[in-house]
Amino acid sequence: MAGIIGINSNGKQEQATRMLNKITHRGAAGCKIIEHQKATLGAVWPEPQTGPTALKLRQQAAWDGLRPPLPDPATLLQKRGPFALAAMTPDGLFLARDPLGIAPLYYGRTQNGALCFASEVKALLEVTQQVQEFPPGTWYQERHGFQTFFKMGKWPAMDQKADAVADNLRLRLEQAVCRRLDNEVMGSWLSGGLDSSAMVALAYPHVRKLHTFAAGLSGAPDLEFARQVADFVGTEHHEIIVQLDDLLAALPEVIYHLESFDALLVRSSLTNYLLAQYAADYVGSVFSGEGADELFGGYAYLKGLEHEKLSGELADITGRLHNTALQRVDRSASAHGLVAHVAFLDINVVKYAMRIPAKFKIQQHRSGAKDTTVEKWILRQALTDVLPSTVLWRRKSKFWQGAGVGDLLARYAEARVTDDAFNRERVLKNGWQLNTKEELLYYRIFKEHWGDLDTLSWMGRTKGAPKQEDKR
């Protein structure tokens with residue numbers, strides 16, 4: 001995904017160059033800085049894909065941040081895909097971010113008070129220590145300040161039968177996938193779970209060749225299920241086998257690109273990062289199944305919620321994706337110049353999914369004397385004819401669990417961080433408390449990159465992450 005930077009002041013070419021140099025990994029195809037009479041703007045963008053539609057999309061992504069003057073802002077905010085926009089208008093600098101925050105954007109102010117922005121925190125730290133995350137679904141102009149144009153909420157449930165809901169959901173998913181086709185040859189990350197398998201099955205008929213990529217420790221369940229899907233659909237499949245040493249070697253790079261020390265986020269990013277590195281040798285873009293668990297109720301704890309509370313919880317966790325799971329997807333891909341497409345989070349799919357009744361998302365089924373709870377039931381119904389039954393009805397496994405990582409890293413941290421060190425170091429300068437020894441291990445690497453930052457409000461933390469008690 002393209003990257004943008006800027007300072008709302010002219011004559012800042014030197015600072016803009018330093019900022020842009022920090023995110024050149026986001027695109028090797030082009031790099032440009034434009035001096036405006038009131039601002040200095042810059043962008044990098046990935047290698048354009050083949051085909052006129054793809055080229056147009058890539059050029060738009062690259063140049064949205066560089067074209068003065070900007071068309072009517074309301075027009076740009078109708079874009080369906082992810083975007084982080086920056087441009088000069090007659091009213092001054094205009095910034096905007098897509099409804100769910102799929103495209104990253106951060107801002108701050110220089111010592112002279114000029115507004116500055118960038119696609120990654122590391123670029124902003126070149127000119128300011130006061131970094132904040134630009135809110136999703138928001139636009140900004142100096143005269144108007146921050147204005148919200150989209151907010152995740154609880155929509156009224158539709159009144160349709162399950163078959164009709166499944167058919168309409170399938171149609172919207174197919175349309176979302178087709179809107180993201182940018183090449184005749186594309187890729188898809190494939191864990192063998194329902195969500196990534198859905199992307200593979202829906203994308204395959206529309207491309208000349210689809211590469212699938214799976215990663216895990218030897219014997220990891222994800223690898224076996226991914227092979228089943230690849231064989232069933234007919235993709236060109238690739239897999240990488242990783243070991244603990246590979247994960248530990250990648251840790252400094254992953255934390256640098258991820259810009260987080262959240263334990264569960266780092267843990268899930270390790271194999272994702274290595275897989276993206278491998279995939280970049282074959283394709284310029286990949287599909288990811290991110291977002292389905294949040295929209296359709298894929299997590300175990302959701303099964304215990306009453307239906308009246310489920311919709312609100314799903315809206316909450318979907319709205320939190322921008323600085324957690326979506327950050328992992330973006331940074332893992334962008335670190336290697338890849339573009340990651342998250343079709344489940346197409347705004348038309350999101351609006352439809354949030355109106356699906358809770359009873360269609362998590363269903364109770366009785367088999368003989370036994371009751372079973374099926375998560376993401378309506379999504380499974382929408383995909384009955386495109387996936388093998390073993391995958392269609394596979395139960396949810398967290399990415400790092402299915403890849404075989406499990407508690408491997410937690411045990412490694414336990415052996416290397418003493419109780420005294422954990423008690424002494426777990427409270428950070430800003431008052432945050434680290435949850436586990438594993439998180440402290442990651443924070444130490446994070447601090448090596450950027451020091452002991454005063455402000456971390458831009459960093460997301462996984463909701464409900466397990467906590468380790470002091471041992472005093």
# chains A, B, ... in the order shown; residues from 1 in each chain; ligands from 1

call {"tool": "residues_around", "arguments": {"residues": "Glu448 (chain A)", "least_positions_apart": "3", "cutoff": "12 Å", "atoms": "only C-alpha atoms", "output": "list in words"}}
result
Pro252, Glu253, Ile255, Tyr256, Glu259, Phe261, Leu441, Tyr442, Tyr443, Arg444, Ile445, Gly451, Asp452 and Leu453 of chain A

call {"tool": "residues_around", "arguments": {"residues": "region 307-313 of chain A", "least_positions_apart": "2", "cutoff": "7 Å", "atoms": "only C-alpha atoms", "output": "MDAnalysis selection string"}}
result
chainID A and resid 154 305 315:317 358:359

call {"tool": "residues_around", "arguments": {"residues": "Leu244 (chain A)", "least_positions_apart": "5", "cutoff": "10 Å", "atoms": "only C-alpha atoms", "output": "list of chain:residue names"}}
result
A:Leu217, A:Ala249, A:Ala250, A:Val405, A:Leu408, A:Leu409, A:Tyr412

call {"tool": "closest_residue", "arguments": {"among": "A:Asp346, A:Glu126, A:Asp420, A:Glu236", "to": "Phe213 (chain A)", "atoms": "only C-alpha atoms"}}
result
A:Glu236

call {"tool": "select_by_dssp", "arguments": {"residues": "region 219-251 of chain A", "states": "alpha helix (DSSP H)", "output": "ChimeraX atom specification"}}
result
/A:221-233,244-251

call {"tool": "closest_residue", "arguments": {"among": "A:Asp419, A:Glu438, A:Trp377, A:Trp45", "to": "Gln364 (chain A)", "atoms": "only C-alpha atoms"}}
result
A:Trp377

call {"tool": "closest_residue", "arguments": {"among": "A:Ala162, A:Leu295, A:Leu210, A:Ile7", "to": "Tyr352 (chain A)", "atoms": "only C-alpha atoms"}}
result
A:Leu295

call {"tool": "closest_atom_pairs", "arguments": {"of": "region 181-252 of chain A", "to": "region 386-390 of chain A", "cutoff": "8 Å", "atoms": "only C-alpha atoms", "output": "JSON lines"}}
result
{"residue": "A:Ser197", "atom": "CA", "partner": "A:Leu387", "partner_atom": "CA", "distance": 7.5}
{"residue": "A:Ala198", "atom": "CA", "partner": "A:Leu387", "partner_atom": "CA", "distance": 7.5}
{"residue": "A:Ala201", "atom": "CA", "partner": "A:Val386", "partner_atom": "CA", "distance": 6.0}
{"residue": "A:Leu202", "atom": "CA", "partner": "A:Val386", "partner_atom": "CA", "distance": 7.9}
{"residue": "A:Gln228", "atom": "CA", "partner": "A:Pro388", "partner_atom": "CA", "distance": 7.8}
{"residue": "A:Val229", "atom": "CA", "partner": "A:Pro388", "partner_atom": "CA", "distance": 7.0}
{"residue": "A:Phe232", "atom": "CA", "partner": "A:Pro388", "partner_atom": "CA", "distance": 6.9}
{"residue": "A:Val233", "atom": "CA", "partner": "A:Leu387", "partner_atom": "CA", "distance": 7.8}

call {"tool": "write_last_selection", "arguments": {"atoms": "N, CA and C atoms", "output": "short mmCIF file (atom, residue, chain, number, x, y, z; two decimals), in the first residue's frame"}}
result
data_model
loop_
_atom_site.label_atom_id
_atom_site.label_comp_id
_atom_site.auth_asym_id
_atom_site.auth_seq_id
_atom_site.Cartn_x
_atom_site.Cartn_y
_atom_site.Cartn_z
N SER A 197 -9.70 -19.12 3.43
CA SER A 197 -10.14 -20.07 2.39
C SER A 197 -11.25 -19.47 1.54
N ALA A 198 -12.11 -18.67 2.17
CA ALA A 198 -13.18 -18.00 1.42
C ALA A 198 -12.60 -17.06 0.38
N ALA A 201 -11.26 -19.15 -2.57
CA ALA A 201 -12.31 -19.73 -3.41
C ALA A 201 -13.02 -18.67 -4.25
N LEU A 202 -13.24 -17.48 -3.70
CA LEU A 202 -13.96 -16.44 -4.41
C LEU A 202 -13.08 -15.72 -5.44
N GLN A 228 -5.35 -28.80 1.74
CA GLN A 228 -6.67 -29.29 1.32
C GLN A 228 -7.39 -28.24 0.47
N VAL A 229 -7.36 -27.00 0.92
CA VAL A 229 -8.04 -25.93 0.18
C VAL A 229 -7.37 -25.71 -1.17
N PHE A 232 -8.26 -28.48 -3.51
CA PHE A 232 -9.68 -28.43 -3.85
C PHE A 232 -9.97 -27.34 -4.88
N VAL A 233 -9.37 -26.16 -4.65
CA VAL A 233 -9.62 -25.02 -5.54
C VAL A 233 -8.77 -25.09 -6.79
#

call {"tool": "residues_around", "arguments": {"residues": "Asn348 (chain A)", "least_positions_apart": "2", "cutoff": "12 Å", "atoms": "only C-alpha atoms", "output": "PyMOL selection string"}}
result
chain A and resi 78-81+99+168-177+179+343-346+350-355

call {"tool": "write_last_selection", "arguments": {"atoms": "N, CA and C atoms", "output": "tab-separated table (two decimals), in the first residue's frame"}}
result
chain	number	residue	atom	x	y	z
A	78	GLN	N	-16.33	9.04	-0.92
A	78	GLN	CA	-17.20	7.96	-1.40
A	78	GLN	C	-16.40	6.76	-1.91
A	79	LYS	N	-15.09	6.85	-1.87
A	79	LYS	CA	-14.26	5.72	-2.34
A	79	LYS	C	-14.58	4.47	-1.54
A	80	ARG	N	-14.68	3.33	-2.23
A	80	ARG	CA	-15.01	2.08	-1.54
A	80	ARG	C	-13.79	1.45	-0.88
A	81	GLY	N	-12.64	1.61	-1.51
A	81	GLY	CA	-11.45	0.94	-1.00
A	81	GLY	C	-10.80	1.72	0.13
A	99	PRO	N	-13.16	4.56	6.32
A	99	PRO	CA	-14.07	4.33	7.45
A	99	PRO	C	-13.56	3.40	8.54
A	168	ASN	N	-27.42	-13.09	-0.40
A	168	ASN	CA	-27.04	-11.67	-0.53
A	168	ASN	C	-25.64	-11.41	0.02
A	169	LEU	N	-25.27	-12.13	1.07
A	169	LEU	CA	-23.92	-12.00	1.61
A	169	LEU	C	-22.90	-12.51	0.61
A	170	ARG	N	-23.18	-13.64	0.00
A	170	ARG	CA	-22.28	-14.21	-1.01
A	170	ARG	C	-22.08	-13.23	-2.16
A	171	LEU	N	-23.15	-12.62	-2.63
A	171	LEU	CA	-23.05	-11.66	-3.73
A	171	LEU	C	-22.15	-10.49	-3.35
A	172	ARG	N	-22.33	-9.95	-2.16
A	172	ARG	CA	-21.52	-8.80	-1.74
A	172	ARG	C	-20.05	-9.18	-1.57
A	173	LEU	N	-19.79	-10.39	-1.09
A	173	LEU	CA	-18.41	-10.85	-0.97
A	173	LEU	C	-17.76	-11.01	-2.33
A	174	GLU	N	-18.47	-11.58	-3.28
A	174	GLU	CA	-17.93	-11.73	-4.63
A	174	GLU	C	-17.64	-10.37	-5.25
A	175	GLN	N	-18.54	-9.42	-5.06
A	175	GLN	CA	-18.33	-8.07	-5.60
A	175	GLN	C	-17.11	-7.42	-4.93
A	176	ALA	N	-16.97	-7.61	-3.63
A	176	ALA	CA	-15.83	-7.02	-2.92
A	176	ALA	C	-14.51	-7.60	-3.42
A	177	VAL	N	-14.47	-8.89	-3.64
A	177	VAL	CA	-13.25	-9.52	-4.17
A	177	VAL	C	-12.95	-9.00	-5.56
A	179	ARG	N	-13.71	-6.20	-6.90
A	179	ARG	CA	-13.27	-4.80	-6.88
A	179	ARG	C	-11.79	-4.67	-6.54
A	343	ALA	N	-11.02	-7.97	1.68
A	343	ALA	CA	-12.33	-7.85	1.05
A	343	ALA	C	-13.48	-7.98	2.04
A	344	PHE	N	-13.28	-8.70	3.14
A	344	PHE	CA	-14.35	-8.80	4.13
A	344	PHE	C	-14.71	-7.43	4.69
A	345	LEU	N	-13.75	-6.50	4.67
A	345	LEU	CA	-13.99	-5.18	5.23
A	345	LEU	C	-14.35	-4.15	4.17
A	346	ASP	N	-14.74	-4.61	2.99
A	346	ASP	CA	-15.38	-3.73	2.02
A	346	ASP	C	-16.58	-3.08	2.71
A	350	VAL	N	-19.47	-4.73	5.14
A	350	VAL	CA	-19.56	-4.38	6.56
A	350	VAL	C	-20.98	-3.91	6.90
A	351	LYS	N	-21.51	-3.01	6.11
A	351	LYS	CA	-22.85	-2.48	6.40
A	351	LYS	C	-23.90	-3.58	6.34
A	352	TYR	N	-23.75	-4.51	5.41
A	352	TYR	CA	-24.70	-5.61	5.31
A	352	TYR	C	-24.53	-6.58	6.48
A	353	ALA	N	-23.28	-6.93	6.78
A	353	ALA	CA	-23.02	-7.89	7.84
A	353	ALA	C	-23.52	-7.40	9.19
A	354	MET	N	-23.39	-6.10	9.45
A	354	MET	CA	-23.81	-5.57	10.75
A	354	MET	C	-25.32	-5.58	10.91
A	355	ARG	N	-26.06	-5.81	9.83
A	355	ARG	CA	-27.52	-5.88	9.92
A	355	ARG	C	-28.03	-7.32	9.95

call {"tool": "closest_residue", "arguments": {"among": "A:Gly460, A:Pro221, A:Pro357, A:Gly431", "to": "Ala166 (chain A)", "atoms": "only C-alpha atoms"}}
result
A:Pro357

call {"tool": "atom_distance", "arguments": {"atom1": "CA of Gly464 (chain A)", "atom2": "CA of Ala263 (chain A)"}}
result
11.8 Å
